[in-house]
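Right, one structure below, let's go through it.
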There are 2 protein chains.
Amino acid sequence: MTAWGFEKHDHTHCIADGVEAVATACQARGLQLTPVRRRVQEILLSEHRAMGAYEILDTLRAEGLGSQPPVVYRALDFLVKHGFAHKVERLNAFTACNHPGESHTPAFLICRQCGAVVEAAAEPAKGALGAAADQVGFEIEQTVVEAEGLCPACRNKGPRNA
Amino acid sequence: MTAWGFEKHDHTHCIADGVEAVATACQARGLQLTPVRRRVQEILLSEHRAMGAYEILDTLRAEGLGSQPPVVYRALDFLVKHGFAHKVERLNAFTACNHPGESHTPAFLICRQCGAVVEAAAEPAKGALGAAADQVGFEIEQTVVEAEGLCPACRNKGPRNA
DNA sequence: TTGTAGGTGGTATAATATAACATTACAAGC
DNA sequence: GCTTGTAATGTTATATTATACCACCTACAA
């Protein structure tokens, strides 16, 4: 797959198309895309980076959609559970999924300079990790694959603290 | 590499040899293995699972080695920075390194049932993830690779909530 | 002897996350 | 219509993880 996200693109589509895709998937699967859930997904889609739960909560609060932590955590749980968003463990933060609905094993490229997060694909269970797991009889159910480094733009700006 | 850790083994060696290896590496590199640092490493080595910082702190506290969070976080920072321990992002917890001192990219197999954590090796930067990164010009500096699932023992006990 | 660097010990607080319980909305079945 | 079950919401309180910051101490070199 291509991790296209570092390039410039018409970002207005990202939000609209993203929410649209989630709405469609919800309808198909009989899931309720409630106002809070929809808004959280929009917020996540609005930037190609990972956002903390409390950062999202601030926005919801400003809009009167809920003011307490459980509100945002519940919405995030829903989105993550159904594959519409992912948690970036390294950052304890969340990001919208690139191809919502499709089952996949996400992997992330995280720029430590600008904070951009791009979803790539990796099938670690099929690579060296899967081999090691097989060898000892470990059954992999979920994987976390995250790479931290410098995105193309930040590399070009010169190594500030590389 | 072999992820041998799920099997039974003579565990007394794990602690002694582990601390020994760290002490040697510190001497070779001119690092100070102070009492707190040594004790934290021992505590991590004492179990093949990941331990939370506050869990470690409880032990230190009981032994009069320090009672405040910064004490344990400083020791963990030191150990992680120099490759003697790793942070398991998925669990926000820490575990001793299998081959301290050697530079390597750790990967973990985490049993969701019994909490066992075993370090394996993976070179994700060389696999699909590395390819995706190259493609977009992303420079990988560090990776997090963690798999969650069931260890052999827990698989045999029957799928309690699989 | 005076910096300076690294270590320690501590307070306070920030940031992330969940437990627990009351309330509301709505559809299914009587 | 009424009741019942389920899912979502609202809210309080608290748990868990992590860091900022300041004071002090020791070794060691300028």
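Chain labels A, B, ... are given in the sequence in which chains occur in the structure tokens; within each chain residues are numbered consecutively from 1, and ligands are likewise numbered from 1 in the order shown.
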
TODO: Within stretch 4-161 of chain B, find each residue whose DSSP state, derived from the backbone, is alpha helix (DSSP H), and express the selection as a ChimeraX atom specification.
DONE: /B:11-29,35-45,53-62,69-81,128-136,152-156

Task: Selection near A:Gly66, 10 Å with only C-alpha atoms (C1' of nucleotides), sequence-local residues under 6 positions removed, as a list in words - done: Val36, Leu57, Asp58, Thr59, Leu60 and Val72 of chain A; DT9 and DG10 of chain D

Output file for the selection above: C-alpha atoms (C1' of nucleotides), as a PDB file, in the first residue's frame:
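What landed in out02.pdb:
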ATOM      1  CA  VAL A  36     -21.097  12.655  19.363  1.00  0.00           C
ATOM      2  CA  LEU A  57     -12.998  16.712  24.494  1.00  0.00           C
ATOM      3  CA  ASP A  58     -12.122  20.415  24.496  1.00  0.00           C
ATOM      4  CA  THR A  59     -13.721  20.752  21.088  1.00  0.00           C
ATOM      5  CA  LEU A  60     -16.819  18.821  22.071  1.00  0.00           C
ATOM      6  CA  VAL A  72     -15.147  11.169  24.445  1.00  0.00           C
TER       7      VAL A  72
ATOM      8  C1'  DT D   9     -25.920   9.672  27.526  1.00  0.00           C
ATOM      9  C1'  DG D  10     -24.759  12.620  31.617  1.00  0.00           C
TER      10       DG D  10
END

Task: Residue nearest A:Pro69 among A:His82, A:Tyr54, A:His104, A:Ala128 (counting only C-alpha atoms) - done: A:Tyr54

TODO: Would you give me, as a PyMOL selection string, the residues of chain A that come within 12 Å of chain C, using only C-alpha atoms (C1' of nucleotides)?
DONE: chain A and resi 52-55+68-74+77+89+91-93

TODO: Counting only C-alpha atoms (C1' of nucleotides), collect the residues of chain D whose closest atom lies at most 10 Å from chain B, and write them out as a ChimeraX atom specification.
DONE: /D:16-19

Determine, for each residue of chain B having at least one atom at most 9 Å from an atom of chain A, the closest pair of atoms and their separation in Å to one decimal, counting only C-alpha atoms; order by chain and ascending number, as a Markdown table.
| residue | atom | partner | partner_atom | distance |
| --- | --- | --- | --- | --- |
| B:Met1 | CA | A:Ala132 | CA | 7.0 |
| B:Thr2 | CA | A:Ala132 | CA | 6.4 |
| B:Ala3 | CA | A:Ala132 | CA | 6.3 |
| B:Trp4 | CA | A:Val136 | CA | 6.9 |
| B:Gly5 | CA | A:Val136 | CA | 8.7 |
| B:Phe6 | CA | A:Val136 | CA | 7.5 |
| B:Glu7 | CA | A:Val136 | CA | 8.5 |
| B:Glu89 | CA | A:Glu89 | CA | 5.8 |
| B:Arg90 | CA | A:Glu89 | CA | 5.9 |
| B:Leu91 | CA | A:Glu89 | CA | 8.8 |
| B:Asn92 | CA | A:Glu89 | CA | 8.7 |
| B:Ala107 | CA | A:Leu129 | CA | 7.5 |
| B:Phe108 | CA | A:Leu129 | CA | 8.6 |
| B:Leu109 | CA | A:Ala133 | CA | 7.4 |
| B:Ile110 | CA | A:Ile140 | CA | 8.8 |
| B:Cys111 | CA | A:Phe138 | CA | 8.3 |
| B:Ala120 | CA | A:Ala132 | CA | 6.8 |
| B:Ala121 | CA | A:Leu129 | CA | 7.1 |
| B:Ala122 | CA | A:Ala128 | CA | 5.7 |
| B:Glu123 | CA | A:Ala128 | CA | 7.5 |
| B:Pro124 | CA | A:Pro124 | CA | 8.0 |
| B:Ala125 | CA | A:Ala147 | CA | 8.3 |
| B:Gly127 | CA | A:Gly127 | CA | 7.5 |
| B:Ala128 | CA | A:Ala122 | CA | 5.7 |
| B:Leu129 | CA | A:Ala122 | CA | 5.8 |
| B:Ala132 | CA | A:Ala3 | CA | 6.3 |
| B:Ala133 | CA | A:Leu109 | CA | 7.4 |
| B:Gln135 | CA | A:Thr2 | CA | 7.5 |
| B:Val136 | CA | A:Ala3 | CA | 6.5 |
| B:Gly137 | CA | A:Pro152 | CA | 5.2 |
| B:Phe138 | CA | A:Cys151 | CA | 4.7 |
| B:Glu139 | CA | A:Leu150 | CA | 5.1 |
| B:Ile140 | CA | A:Gly149 | CA | 4.5 |
| B:Glu141 | CA | A:Gly149 | CA | 4.7 |
| B:Gln142 | CA | A:Glu148 | CA | 5.2 |
| B:Thr143 | CA | A:Ala147 | CA | 4.2 |
| B:Val144 | CA | A:Glu146 | CA | 5.0 |
| B:Val145 | CA | A:Val145 | CA | 4.7 |
| B:Glu146 | CA | A:Val144 | CA | 5.0 |
| B:Ala147 | CA | A:Thr143 | CA | 4.2 |
| B:Glu148 | CA | A:Gln142 | CA | 5.2 |
| B:Gly149 | CA | A:Ile140 | CA | 4.5 |
| B:Leu150 | CA | A:Glu139 | CA | 5.1 |
| B:Cys151 | CA | A:Phe138 | CA | 4.6 |
| B:Pro152 | CA | A:Gly137 | CA | 5.2 |
| B:Ala153 | CA | A:Gly137 | CA | 8.9 |
| B:Arg155 | CA | A:Glu139 | CA | 7.9 |

Open item on the list: as a PyMOL selection string, please: every residue in chain B that a backbone DSSP assignment puts in strand (DSSP E).
Closed with: chain B and resi 85-88+93-96+106-111+117-121+139-150

Name all residues at most 12 Å from A:Ala16 (count only C-alpha atoms (C1' of nucleotides); drop same-chain ones fewer than 3 positions away) and give them as a PDB file with N, CA and C atoms, in the first residue's frame.
ATOM      1  N   ASP A  10      -6.159  17.665  -1.491  1.00  0.00           N
ATOM      2  CA  ASP A  10      -7.356  18.460  -1.247  1.00  0.00           C
ATOM      3  C   ASP A  10      -8.010  17.955   0.028  1.00  0.00           C
ATOM      4  N   HIS A  11      -7.713  18.664   1.106  1.00  0.00           N
ATOM      5  CA  HIS A  11      -8.085  18.139   2.409  1.00  0.00           C
ATOM      6  C   HIS A  11      -9.588  18.194   2.690  1.00  0.00           C
ATOM      7  N   THR A  12     -10.308  19.039   1.989  1.00  0.00           N
ATOM      8  CA  THR A  12     -11.751  19.106   2.257  1.00  0.00           C
ATOM      9  C   THR A  12     -12.408  17.747   2.010  1.00  0.00           C
ATOM     10  N   HIS A  13     -11.857  17.022   1.053  1.00  0.00           N
ATOM     11  CA  HIS A  13     -12.422  15.706   0.788  1.00  0.00           C
ATOM     12  C   HIS A  13     -12.179  14.726   1.916  1.00  0.00           C
ATOM     13  N   VAL A  19     -16.234  10.833   6.720  1.00  0.00           N
ATOM     14  CA  VAL A  19     -17.478  10.681   7.481  1.00  0.00           C
ATOM     15  C   VAL A  19     -18.496   9.899   6.663  1.00  0.00           C
ATOM     16  N   GLU A  20     -18.549  10.211   5.400  1.00  0.00           N
ATOM     17  CA  GLU A  20     -19.450   9.512   4.492  1.00  0.00           C
ATOM     18  C   GLU A  20     -19.212   8.003   4.530  1.00  0.00           C
ATOM     19  N   ALA A  21     -17.950   7.631   4.439  1.00  0.00           N
ATOM     20  CA  ALA A  21     -17.605   6.211   4.436  1.00  0.00           C
ATOM     21  C   ALA A  21     -18.023   5.548   5.741  1.00  0.00           C
ATOM     22  N   VAL A  22     -17.804   6.268   6.850  1.00  0.00           N
ATOM     23  CA  VAL A  22     -18.169   5.710   8.148  1.00  0.00           C
ATOM     24  C   VAL A  22     -19.690   5.575   8.244  1.00  0.00           C
ATOM     25  N   ALA A  23     -20.396   6.599   7.787  1.00  0.00           N
ATOM     26  CA  ALA A  23     -21.854   6.568   7.843  1.00  0.00           C
ATOM     27  C   ALA A  23     -22.386   5.379   7.050  1.00  0.00           C
ATOM     28  N   ARG A  38     -20.199  10.871  15.467  1.00  0.00           N
ATOM     29  CA  ARG A  38     -19.930  11.471  14.167  1.00  0.00           C
ATOM     30  C   ARG A  38     -18.990  12.658  14.302  1.00  0.00           C
ATOM     31  N   ARG A  39     -19.249  13.471  15.294  1.00  0.00           N
ATOM     32  CA  ARG A  39     -18.425  14.667  15.478  1.00  0.00           C
ATOM     33  C   ARG A  39     -16.985  14.301  15.837  1.00  0.00           C
ATOM     34  N   GLN A  41     -15.417  11.604  14.979  1.00  0.00           N
ATOM     35  CA  GLN A  41     -14.783  11.119  13.754  1.00  0.00           C
ATOM     36  C   GLN A  41     -14.375  12.293  12.866  1.00  0.00           C
ATOM     37  N   GLU A  42     -15.235  13.288  12.772  1.00  0.00           N
ATOM     38  CA  GLU A  42     -14.909  14.478  11.972  1.00  0.00           C
ATOM     39  C   GLU A  42     -13.672  15.180  12.509  1.00  0.00           C
ATOM     40  N   ILE A  43     -13.632  15.310  13.825  1.00  0.00           N
ATOM     41  CA  ILE A  43     -12.492  15.979  14.456  1.00  0.00           C
ATOM     42  C   ILE A  43     -11.211  15.220  14.150  1.00  0.00           C
ATOM     43  N   LEU A  44     -11.281  13.909  14.252  1.00  0.00           N
ATOM     44  CA  LEU A  44     -10.098  13.102  13.954  1.00  0.00           C
ATOM     45  C   LEU A  44      -9.691  13.260  12.494  1.00  0.00           C
ATOM     46  N   LEU A  45     -10.675  13.287  11.628  1.00  0.00           N
ATOM     47  CA  LEU A  45     -10.385  13.388  10.195  1.00  0.00           C
ATOM     48  C   LEU A  45      -9.826  14.761   9.818  1.00  0.00           C
ATOM     49  N   SER A  46     -10.120  15.739  10.668  1.00  0.00           N
ATOM     50  CA  SER A  46      -9.754  17.103  10.298  1.00  0.00           C
ATOM     51  C   SER A  46      -8.251  17.360  10.280  1.00  0.00           C
TER      52      SER A  46
END
